[in-house]
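The data block below is final25.txt; it holds compact mmCIF, C-alpha atoms (C1' of nucleotides).
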```txt
# COMPACT_ATOMS: atom_id res chain seq x y z
CA MET A 147 -29.08 14.52 1.22
CA PRO A 148 -28.87 17.20 -1.45
CA ARG A 149 -28.50 16.53 -5.13
CA GLY A 150 -29.22 12.85 -5.26
CA SER A 151 -26.38 10.51 -4.55
CA VAL A 152 -23.71 13.09 -3.87
CA ASP A 153 -23.45 12.29 -0.21
CA MET A 154 -23.41 8.53 -0.51
CA ASN A 155 -20.54 6.89 1.20
CA PHE A 156 -19.05 5.70 -2.03
CA LEU A 157 -15.48 6.74 -1.37
CA PHE A 158 -14.88 4.81 1.82
CA THR A 159 -17.00 1.82 0.89
CA LEU A 160 -14.91 1.35 -2.21
CA GLY A 161 -11.73 1.61 -0.15
CA GLU A 162 -12.87 -0.95 2.37
CA LEU A 163 -14.01 -3.36 -0.30
CA ALA A 164 -10.74 -3.04 -2.17
CA ARG A 165 -8.84 -3.73 1.04
CA LEU A 166 -10.84 -6.86 1.76
CA VAL A 167 -10.59 -8.17 -1.77
CA ARG A 168 -6.88 -7.50 -1.90
CA ALA A 169 -6.28 -9.34 1.37
CA TYR A 170 -8.32 -12.28 0.17
CA ALA A 171 -6.76 -12.50 -3.29
CA ASP A 172 -3.26 -12.13 -1.88
CA LYS A 173 -3.84 -14.94 0.55
CA GLN A 174 -5.10 -17.25 -2.18
CA ALA A 175 -2.42 -16.31 -4.68
CA ALA A 176 0.26 -16.94 -2.07
CA ARG A 177 -0.33 -20.66 -2.65
CA TYR A 178 1.42 -20.20 -5.97
CA GLY A 179 4.18 -17.97 -4.61
CA ILE A 180 2.87 -14.77 -6.16
CA THR A 181 1.07 -11.66 -4.96
CA ARG A 182 -2.02 -10.16 -6.49
CA ALA A 183 -0.13 -7.11 -7.75
CA GLN A 184 2.49 -9.27 -9.46
CA TRP A 185 -0.23 -11.48 -10.87
CA ALA A 186 -1.95 -8.49 -12.45
CA VAL A 187 1.27 -7.57 -14.23
CA LEU A 188 1.90 -11.12 -15.37
CA ALA A 189 -1.62 -11.40 -16.76
CA LYS A 190 -1.23 -8.17 -18.74
CA VAL A 191 2.08 -9.28 -20.17
CA GLU A 192 0.44 -12.52 -21.23
CA ARG A 193 -2.11 -10.59 -23.23
CA THR A 194 0.25 -8.01 -24.70
CA GLU A 195 3.80 -9.28 -25.00
CA GLY A 196 6.44 -6.88 -26.25
CA LEU A 197 5.21 -3.72 -24.52
CA LYS A 198 7.59 -1.18 -23.05
CA GLN A 199 7.48 -0.77 -19.30
CA SER A 200 6.14 2.74 -19.67
CA GLU A 201 3.33 1.58 -21.92
CA LEU A 202 2.36 -1.15 -19.51
CA ALA A 203 2.39 1.25 -16.57
CA GLU A 204 -0.04 3.49 -18.40
CA LEU A 205 -2.33 0.57 -19.22
CA MET A 206 -2.41 -0.40 -15.58
CA GLU A 207 -3.01 3.12 -14.23
CA MET A 208 0.18 2.87 -12.23
CA GLN A 209 3.43 4.85 -11.94
CA PRO A 210 6.43 3.47 -13.84
CA ILE A 211 8.49 3.14 -10.69
CA THR A 212 5.81 1.01 -9.04
CA LEU A 213 5.80 -1.26 -12.05
CA THR A 214 9.60 -1.48 -12.07
CA ARG A 215 9.60 -3.14 -8.66
CA LEU A 216 6.91 -5.64 -9.59
CA ILE A 217 8.76 -6.54 -12.78
CA ASP A 218 11.93 -7.07 -10.73
CA ARG A 219 10.15 -9.77 -8.74
CA LEU A 220 8.63 -11.42 -11.79
CA CYS A 221 12.04 -11.55 -13.43
CA ASP A 222 13.66 -12.90 -10.26
CA ASN A 223 11.17 -15.76 -10.38
CA GLY A 224 11.86 -16.44 -14.03
CA TRP A 225 8.31 -15.80 -15.21
CA ILE A 226 9.02 -12.89 -17.54
CA GLU A 227 12.10 -11.22 -19.02
CA ARG A 228 13.19 -7.77 -20.11
CA ARG A 229 14.61 -7.59 -23.64
CA SER A 230 16.32 -4.47 -24.87
CA ASP A 231 14.87 -2.67 -27.83
CA ASP A 232 16.75 -2.74 -31.13
CA THR A 233 16.45 0.92 -31.90
CA ASP A 234 16.16 2.65 -28.52
CA ARG A 235 18.59 1.67 -25.86
CA ARG A 236 16.54 3.27 -23.08
CA VAL A 237 13.73 0.82 -23.59
CA ASN A 238 12.98 -2.58 -22.07
CA ARG A 239 10.33 -4.75 -23.65
CA LEU A 240 8.57 -7.45 -21.66
CA TYR A 241 8.10 -11.09 -22.65
CA LEU A 242 6.80 -14.20 -20.95
CA ARG A 243 9.19 -17.04 -20.22
CA LYS A 244 8.19 -20.66 -20.58
CA ALA A 245 8.15 -21.17 -16.82
CA ALA A 246 5.13 -18.87 -16.59
CA ARG A 247 2.81 -21.15 -18.54
CA PRO A 248 1.79 -23.65 -15.88
CA LEU A 249 1.44 -20.87 -13.35
CA LEU A 250 -0.82 -18.89 -15.67
CA GLY A 251 -3.03 -21.93 -16.07
CA LYS A 252 -3.51 -22.26 -12.34
CA LEU A 253 -4.07 -18.55 -11.90
CA GLY A 254 -6.81 -18.61 -14.50
CA GLY A 255 -8.68 -21.09 -12.39
CA LEU A 256 -8.10 -19.08 -9.27
CA ARG A 257 -9.44 -15.96 -10.91
CA SER A 258 -12.68 -17.71 -11.76
CA GLU A 259 -12.97 -18.99 -8.21
CA LEU A 260 -12.37 -15.62 -6.63
CA THR A 261 -14.76 -13.85 -8.97
CA ALA A 262 -17.47 -16.42 -8.33
CA THR A 263 -17.00 -16.06 -4.58
CA ALA A 264 -17.15 -12.29 -4.67
CA LEU A 265 -20.19 -12.11 -6.94
CA GLU A 266 -22.19 -14.88 -5.33
CA GLY A 267 -25.88 -14.05 -5.15
CA ILE A 268 -25.65 -11.29 -7.76
CA ASN A 269 -27.19 -12.27 -11.04
CA PRO A 270 -24.96 -12.15 -14.10
CA ALA A 271 -26.81 -9.32 -15.80
CA ASP A 272 -26.51 -7.13 -12.71
CA ALA A 273 -22.87 -8.08 -12.31
CA HIS A 274 -22.24 -7.10 -15.88
CA ARG A 275 -23.91 -3.77 -15.49
CA MET A 276 -22.01 -3.10 -12.32
CA LEU A 277 -18.71 -3.81 -14.04
CA GLY A 278 -19.68 -1.34 -16.75
CA GLN A 279 -20.42 1.28 -14.13
CA LEU A 280 -17.08 0.71 -12.47
CA GLU A 281 -15.40 1.28 -15.83
CA ALA A 282 -17.39 4.48 -16.27
CA ILE A 283 -16.29 5.69 -12.85
CA LYS A 284 -12.71 4.86 -13.73
CA GLU A 285 -13.02 7.04 -16.79
CA ASN A 286 -14.52 9.88 -14.74
CA VAL A 287 -11.70 9.79 -12.25
CA ARG A 288 -9.04 9.52 -14.90
CA ASN A 289 -10.44 12.63 -16.55
CA ALA A 290 -10.59 14.47 -13.25
CA ILE A 291 -6.95 13.70 -12.59
CA GLN A 292 -5.87 14.84 -16.02
CA ASN A 293 -8.09 17.91 -16.22
CA PRO A 294 -8.20 19.33 -12.70
CA ALA A 295 -11.15 21.67 -12.22
CA GLY A 296 -10.26 25.28 -12.87
CA GLU A 297 -7.49 24.52 -15.33
CA PRO A 298 -7.90 24.40 -19.07
CA PRO A 299 -7.54 20.91 -20.54
CA ARG A 300 -3.99 20.28 -21.66
CA LYS A 301 -3.46 19.36 -25.23
CA GLU A 302 -1.80 16.05 -26.06
CA GLN A 303 -3.95 14.09 -23.64
CA ARG A 304 -2.86 10.54 -23.14
CA VAL A 305 -6.44 9.42 -22.84
CA GLY A 306 -8.46 10.80 -25.69
CA MET B 28 -17.42 -17.60 -20.92
CA PRO B 29 -18.86 -20.50 -18.94
CA ARG B 30 -21.26 -20.11 -16.05
CA GLY B 31 -22.33 -16.54 -16.53
CA SER B 32 -20.14 -13.88 -15.07
CA VAL B 33 -17.50 -16.08 -13.52
CA ASP B 34 -14.79 -15.05 -15.91
CA MET B 35 -15.43 -11.35 -15.86
CA ASN B 36 -12.44 -9.25 -15.10
CA PHE B 37 -13.89 -8.06 -11.85
CA LEU B 38 -10.82 -8.61 -9.71
CA PHE B 39 -8.35 -6.46 -11.61
CA THR B 40 -10.85 -3.79 -12.63
CA LEU B 41 -11.68 -3.23 -8.98
CA GLY B 42 -7.98 -2.98 -8.15
CA GLU B 43 -7.29 -0.44 -10.85
CA LEU B 44 -10.29 1.65 -9.93
CA ALA B 45 -9.33 1.65 -6.26
CA ARG B 46 -5.80 2.72 -7.18
CA LEU B 47 -7.06 5.62 -9.28
CA VAL B 48 -9.58 6.76 -6.70
CA ARG B 49 -7.04 6.57 -3.93
CA ALA B 50 -4.53 8.62 -5.87
CA TYR B 51 -7.16 11.25 -6.64
CA ALA B 52 -8.57 11.44 -3.13
CA ASP B 53 -5.11 11.59 -1.58
CA LYS B 54 -4.12 14.44 -3.83
CA GLN B 55 -7.23 16.42 -2.96
CA ALA B 56 -7.07 15.69 0.76
CA ALA B 57 -3.43 16.79 0.85
CA ARG B 58 -4.74 20.37 0.62
CA TYR B 59 -5.85 19.94 4.23
CA GLY B 60 -2.71 18.15 5.37
CA ILE B 61 -4.33 14.75 5.67
CA THR B 62 -4.31 11.50 3.69
CA ARG B 63 -7.34 9.53 2.62
CA ALA B 64 -6.56 6.68 5.00
CA GLN B 65 -6.26 9.05 7.96
CA TRP B 66 -9.41 10.83 6.87
CA ALA B 67 -11.34 7.56 6.90
CA VAL B 68 -10.30 6.96 10.50
CA LEU B 69 -11.12 10.48 11.56
CA ALA B 70 -14.57 10.24 9.98
CA LYS B 71 -15.32 6.99 11.79
CA VAL B 72 -14.22 8.41 15.12
CA GLU B 73 -16.51 11.37 14.52
CA ARG B 74 -19.46 9.03 14.16
CA THR B 75 -18.58 6.67 16.99
CA GLU B 76 -16.53 8.34 19.70
CA GLY B 77 -15.30 6.23 22.58
CA LEU B 78 -14.52 3.04 20.65
CA LYS B 79 -11.52 0.89 21.46
CA GLN B 80 -8.85 0.67 18.81
CA SER B 81 -9.59 -2.99 18.28
CA GLU B 82 -13.28 -2.30 17.75
CA LEU B 83 -12.54 0.43 15.25
CA ALA B 84 -10.12 -1.80 13.36
CA GLU B 85 -12.81 -4.39 12.99
CA LEU B 86 -15.33 -1.83 11.79
CA MET B 87 -12.89 -0.67 9.14
CA GLU B 88 -11.90 -4.16 7.95
CA MET B 89 -8.32 -3.42 8.84
CA GLN B 90 -5.64 -4.97 11.06
CA PRO B 91 -5.12 -3.34 14.46
CA ILE B 92 -1.48 -2.58 13.74
CA THR B 93 -2.39 -0.70 10.57
CA LEU B 94 -4.84 1.37 12.55
CA THR B 95 -2.29 2.06 15.28
CA ARG B 96 -0.04 3.89 12.83
CA LEU B 97 -2.87 5.98 11.42
CA ILE B 98 -4.00 6.93 14.91
CA ASP B 99 -0.43 7.95 15.74
CA ARG B 100 -0.56 10.52 12.94
CA LEU B 101 -4.00 11.81 13.88
CA CYS B 102 -2.85 12.26 17.47
CA ASP B 103 0.37 13.97 16.37
CA ASN B 104 -1.77 16.49 14.52
CA GLY B 105 -4.02 17.04 17.50
CA TRP B 106 -7.22 15.90 15.81
CA ILE B 107 -8.03 12.98 18.09
CA GLU B 108 -6.80 11.63 21.41
CA ARG B 109 -6.39 8.28 23.13
CA ARG B 110 -7.94 8.09 26.59
CA SER B 111 -7.26 5.13 28.82
CA ASP B 112 -10.17 3.00 29.94
CA ASP B 113 -11.25 3.13 33.59
CA THR B 114 -11.57 -0.59 34.09
CA ASP B 115 -9.15 -2.17 31.61
CA ARG B 116 -5.68 -0.80 31.47
CA ARG B 117 -4.88 -2.45 28.15
CA VAL B 118 -7.47 -0.37 26.33
CA ASN B 119 -7.30 3.00 24.57
CA ARG B 120 -10.52 4.73 23.67
CA LEU B 121 -10.63 7.30 20.89
CA TYR B 122 -12.12 10.79 21.06
CA LEU B 123 -12.18 13.81 18.79
CA ARG B 124 -10.37 16.95 19.85
CA LYS B 125 -11.76 20.42 19.21
CA ALA B 126 -9.15 21.10 16.56
CA ALA B 127 -10.76 18.48 14.33
CA ARG B 128 -14.04 20.35 13.92
CA PRO B 129 -13.14 22.84 11.22
CA LEU B 130 -11.23 20.18 9.34
CA LEU B 131 -14.19 17.83 9.43
CA GLY B 132 -16.36 20.53 7.97
CA LYS B 133 -14.06 21.02 5.02
CA LEU B 134 -13.66 17.30 4.50
CA GLY B 135 -17.42 16.87 4.33
CA GLY B 136 -17.50 19.24 1.40
CA LEU B 137 -14.60 17.49 -0.25
CA ARG B 138 -16.30 14.14 0.09
CA SER B 139 -19.36 15.43 -1.73
CA GLU B 140 -17.17 16.85 -4.48
CA LEU B 141 -15.21 13.67 -4.97
CA THR B 142 -18.31 11.51 -4.98
CA ALA B 143 -20.02 13.74 -7.49
CA THR B 144 -16.99 13.66 -9.75
CA ALA B 145 -16.69 9.89 -9.60
CA LEU B 146 -20.38 9.23 -10.19
CA GLU B 147 -20.94 11.81 -12.88
CA GLY B 148 -23.24 10.52 -15.59
CA ILE B 149 -24.62 7.70 -13.46
CA ASN B 150 -28.15 8.32 -12.33
CA PRO B 151 -28.79 8.30 -8.60
CA ALA B 152 -30.93 5.18 -8.60
CA ASP B 153 -28.24 3.21 -10.42
CA ALA B 154 -25.57 4.60 -8.14
CA HIS B 155 -27.57 3.55 -5.15
CA ARG B 156 -28.04 0.05 -6.44
CA MET B 157 -24.37 -0.23 -7.25
CA LEU B 158 -23.43 0.80 -3.74
CA GLY B 159 -25.73 -1.91 -2.41
CA GLN B 160 -24.03 -4.46 -4.62
CA LEU B 161 -20.61 -3.38 -3.42
CA GLU B 162 -21.80 -3.92 0.15
CA ALA B 163 -23.09 -7.37 -0.79
CA ILE B 164 -19.74 -8.26 -2.33
CA LYS B 165 -18.00 -7.03 0.81
CA GLU B 166 -20.14 -9.39 2.82
CA ASN B 167 -19.35 -12.29 0.47
CA VAL B 168 -15.63 -11.72 0.74
CA ARG B 169 -15.74 -11.25 4.49
CA ASN B 170 -17.51 -14.60 4.80
CA ALA B 171 -15.02 -16.26 2.48
CA ILE B 172 -12.13 -14.99 4.60
CA GLN B 173 -13.70 -16.19 7.82
CA ASN B 174 -15.00 -19.52 6.53
CA PRO B 175 -12.40 -20.75 4.06
CA ALA B 176 -13.82 -23.38 1.70
CA GLY B 177 -13.28 -26.91 2.93
CA GLU B 178 -13.18 -25.97 6.59
CA PRO B 179 -16.14 -26.12 8.93
CA PRO B 180 -17.35 -22.72 10.07
CA ARG B 181 -15.69 -21.76 13.33
CA LYS B 182 -17.93 -20.95 16.22
CA GLU B 183 -17.67 -17.52 17.82
CA GLN B 184 -17.67 -15.66 14.52
CA ARG B 185 -16.93 -12.02 14.77
CA VAL B 186 -19.39 -11.24 12.05
CA GLY B 187 -22.56 -13.06 12.74
C1' DT C 145 -4.86 -19.39 43.81
C1' DC C 146 -2.10 -19.78 40.39
C1' DA C 147 -0.96 -21.55 35.73
C1' DT C 148 -2.82 -21.06 31.18
C1' DA C 149 -5.09 -18.77 27.63
C1' DT C 150 -6.85 -14.63 25.63
C1' DT C 151 -6.95 -9.85 24.44
C1' DC C 152 -5.06 -5.07 23.51
C1' DA C 153 -1.78 -2.40 21.68
C1' DT C 154 2.48 -2.12 19.48
C1' DA C 155 7.16 -3.48 17.09
C1' DA C 156 9.73 -5.37 13.18
C1' DG C 157 9.97 -6.20 8.67
C1' DC C 158 7.73 -7.22 4.24
C1' DT C 159 4.88 -5.57 -0.34
C1' DA C 160 2.91 -2.02 -3.06
C1' DG C 161 1.42 2.47 -3.77
C1' DC C 162 3.16 7.47 -4.25
C1' DT C 163 6.40 11.94 -5.28
C1' DT C 164 10.59 13.76 -6.48
C1' DA C 165 15.16 13.31 -8.34
C1' DT C 166 18.83 11.05 -11.29
C1' DT C 167 21.02 8.88 -15.25
C1' DA C 168 21.21 7.59 -19.86
C1' DT C 169 19.55 8.11 -24.26
C1' DA C 170 16.83 10.38 -28.06
C1' DT C 171 15.01 14.17 -30.39
C1' DC C 172 14.52 18.84 -31.96
C1' DC C 173 15.88 22.92 -33.89
C1' DA C 174 18.72 27.13 -34.46
C1' DT D 36 26.74 20.47 -34.88
C1' DG D 37 25.56 20.99 -30.57
C1' DG D 38 22.60 22.77 -26.68
C1' DA D 39 17.98 22.44 -24.82
C1' DT D 40 14.20 19.49 -24.09
C1' DA D 41 11.86 15.14 -23.62
C1' DT D 42 11.55 10.31 -22.50
C1' DA D 43 12.72 5.48 -20.24
C1' DA D 44 13.99 3.34 -16.39
C1' DT D 45 15.43 3.47 -11.83
C1' DA D 46 16.70 5.27 -6.89
C1' DA D 47 15.45 7.30 -2.44
C1' DG D 48 12.28 7.91 0.82
C1' DC D 49 7.46 8.41 2.24
C1' DT D 50 2.40 6.21 3.50
C1' DA D 51 -0.45 2.31 4.19
C1' DG D 52 -1.46 -2.35 3.83
C1' DC D 53 0.02 -7.13 5.65
C1' DT D 54 2.07 -11.22 8.89
C1' DT D 55 4.31 -12.62 12.79
C1' DA D 56 6.00 -11.71 17.34
C1' DT D 57 5.99 -9.45 22.01
C1' DG D 58 4.72 -7.36 26.48
C1' DA D 59 1.30 -6.15 29.50
C1' DA D 60 -3.13 -6.85 31.44
C1' DT D 61 -7.16 -9.54 32.01
C1' DA D 62 -10.04 -13.73 32.13
C1' DT D 63 -10.54 -18.61 32.94
C1' DG D 64 -10.62 -22.80 35.21
C1' DA D 65 -8.73 -26.84 37.75
```
Take the structure in the file and give it back as structure tokens.
Amino acid sequence: MPRGSVDMNFLFTLGELARLVRAYADKQAARYGITRAQWAVLAKVERTEGLKQSELAELMEMQPITLTRLIDRLCDNGWIERRSDDTDRRVNRLYLRKAARPLLGKLGGLRSELTATALEGINPADAHRMLGQLEAIKENVRNAIQNPAGEPPRKEQRVG
Amino acid sequence: MPRGSVDMNFLFTLGELARLVRAYADKQAARYGITRAQWAVLAKVERTEGLKQSELAELMEMQPITLTRLIDRLCDNGWIERRSDDTDRRVNRLYLRKAARPLLGKLGGLRSELTATALEGINPADAHRMLGQLEAIKENVRNAIQNPAGEPPRKEQRVG
DNA sequence: TCATATTCATAAGCTAGCTTATTATATCCA
DNA sequence: TGGATATAATAAGCTAGCTTATGAATATGA
């Protein structure tokens, strides 16, 4: 196993874990008539109302078209709404609707439950450190995507 | 933040990281004409030739029908083959074909590259511990899926 | 022994990712 | 002023997850 952890099975373990967690969270969230992906969008809108779709997509590390579909569903259910921008007619800005409030309350509880289940037996300090490492890895991968090896870094990076 | 780490944003951070890593790995693997999901299957078959599809699906925490489609692609490309079982005509067993060998060699190198990129700046001991924690979380979630809260554990668990 | 239940693989149809292309609107600058 | 370029959202069509349903083969048990 040359060079330390290089040959660890990190890639596939992460994929399998994400698959399991997604299946579990989707099943639980289905009680409230929402999917995990839609829930993630709703939760972000709650914290940052008034964003453009493109800004939100960037925040969530997701392509704008993927977000468009999720927003369609959330609007269909009356949880959020698109409002057109005063000065740029291309833009939609996203706002919560009243109907989302009770749902968001329940989802908050569910999030705590799911997190507690997943992290059971791991002490809080370790869990915290692990979360920090996951964020660091996210940053590494984001940089790798934006500055592919062998190419000079582009100016005007979105992530500074 | 009551009760330690319960309200950490573990759920969505994991989802975003998995999305980023998948996008990156897919883009790199595309150089060899394969996707990350197909690659994961191929790598498992390499390590455990002769498994039934249903056994492999269980190993990979994935539904049999999802696996069926991935196997279809791998067979189309001539990298693996389904062989029927001598004693049970319902069963397909999976074997590598010669054509997979050079590909597997290249993919091994790619895996090391991707892992090194993702884990850059994290020391090997920490990375190792983190991987162990991810496995522990996987186990927690698997148990939660199989023994939903409020129901008695079913006998004949698949994961014992 | 034969009806019932289980298992294996797959089909149909859904969500959620992606890339590439399109349309409408803004911006830039010559 | 007006043509090229850039940006916002969406469409089309792909992969990979899922649930539910189905057909074939096997196992079980009265």
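A search radius of 12 Å centred on (0.4, 3.6, -15.9), applied to all atoms listed in the file, returns the residues Val187, Lys198, Gln199, Ser200, Glu201, Leu202, Ala203, Glu204, Leu205, Met206, Glu207, Met208, Gln209, Pro210, Ile211, Thr212, Leu213, Thr214, Arg288, Arg304 and Val305 of chain A; Glu43, Arg46 and Leu47 of chain B.
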- Query: chain B residues within 7 Å of chain A, counting all atoms listed in the file: which ones, as JSON, numbers by chain?
  - Reply: {"B": [31, 32, 33, 34, 37, 38, 39, 41, 42, 43, 44, 45, 47, 48, 51, 67, 87, 88, 139, 142, 143, 144, 145, 146, 147, 151, 154, 157, 158, 164, 165, 167, 168, 172]}
- chain C residues within 9 Å of chain B, counting only C-alpha atoms (C1' of nucleotides): which ones, as JSON, numbers by chain? {"C": [151, 152, 153, 154, 161, 162]}
Selection above as a file: C-alpha atoms (C1' of nucleotides), as a PDB file, in the coordinates of the input:
```pdb
ATOM      1  C1'  DT C 151      -6.950  -9.850  24.440  1.00  0.00           C
ATOM      2  C1'  DC C 152      -5.060  -5.070  23.510  1.00  0.00           C
ATOM      3  C1'  DA C 153      -1.780  -2.400  21.680  1.00  0.00           C
ATOM      4  C1'  DT C 154       2.480  -2.120  19.480  1.00  0.00           C
ATOM      5  C1'  DG C 161       1.420   2.470  -3.770  1.00  0.00           C
ATOM      6  C1'  DC C 162       3.160   7.470  -4.250  1.00  0.00           C
TER       7       DC C 162
END
```
- Message: Would you mind listing, as a VMD selection string, all residues of chain D that have at least one atom within 12 Å of chain A, where all atoms listed in the file are what counts?
- Response: chain D and resid 42 to 47 51 to 54
- Note on the structure: re atom CA of A:Arg229 and atom CA of A:Leu188: distance 15.6 Å
- Message: From the options A:Asp218, A:Leu256, A:Thr194, A:Gly278, which residue's atoms come nearest to A:Leu242, counting only C-alpha atoms?
- Response: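 Closest to A:Leu242 of all the choices is A:Thr194.
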Give me stretch 246-257 of chain A with N, CA and C atoms filled in, as a tab-separated table (two decimals), keeping the file's coordinate frame.
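Result file follows (out04.tsv):
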```
chain	number	residue	atom	x	y	z
A	246	ALA	N	6.37	-19.52	-17.03
A	246	ALA	CA	5.13	-18.87	-16.59
A	246	ALA	C	3.89	-19.66	-16.99
A	247	ARG	N	4.01	-20.51	-17.99
A	247	ARG	CA	2.81	-21.15	-18.54
A	247	ARG	C	2.00	-21.94	-17.54
A	248	PRO	N	2.61	-22.87	-16.83
A	248	PRO	CA	1.79	-23.65	-15.88
A	248	PRO	C	1.18	-22.76	-14.81
A	249	LEU	N	1.96	-21.79	-14.36
A	249	LEU	CA	1.44	-20.87	-13.35
A	249	LEU	C	0.21	-20.13	-13.88
A	250	LEU	N	0.31	-19.64	-15.11
A	250	LEU	CA	-0.82	-18.89	-15.67
A	250	LEU	C	-2.07	-19.76	-15.76
A	251	GLY	N	-1.88	-21.04	-16.04
A	251	GLY	CA	-3.03	-21.93	-16.07
A	251	GLY	C	-3.72	-21.99	-14.71
A	252	LYS	N	-2.92	-22.17	-13.68
A	252	LYS	CA	-3.51	-22.26	-12.34
A	252	LYS	C	-4.16	-20.94	-11.94
A	253	LEU	N	-3.52	-19.84	-12.28
A	253	LEU	CA	-4.07	-18.55	-11.90
A	253	LEU	C	-5.39	-18.27	-12.60
A	254	GLY	N	-5.53	-18.76	-13.81
A	254	GLY	CA	-6.81	-18.61	-14.50
A	254	GLY	C	-7.95	-19.24	-13.71
A	255	GLY	N	-7.68	-20.43	-13.22
A	255	GLY	CA	-8.68	-21.09	-12.39
A	255	GLY	C	-8.96	-20.33	-11.12
A	256	LEU	N	-7.93	-19.84	-10.51
A	256	LEU	CA	-8.10	-19.08	-9.27
A	256	LEU	C	-8.93	-17.83	-9.51
A	257	ARG	N	-8.67	-17.16	-10.63
A	257	ARG	CA	-9.44	-15.96	-10.91
A	257	ARG	C	-10.93	-16.26	-11.00
```
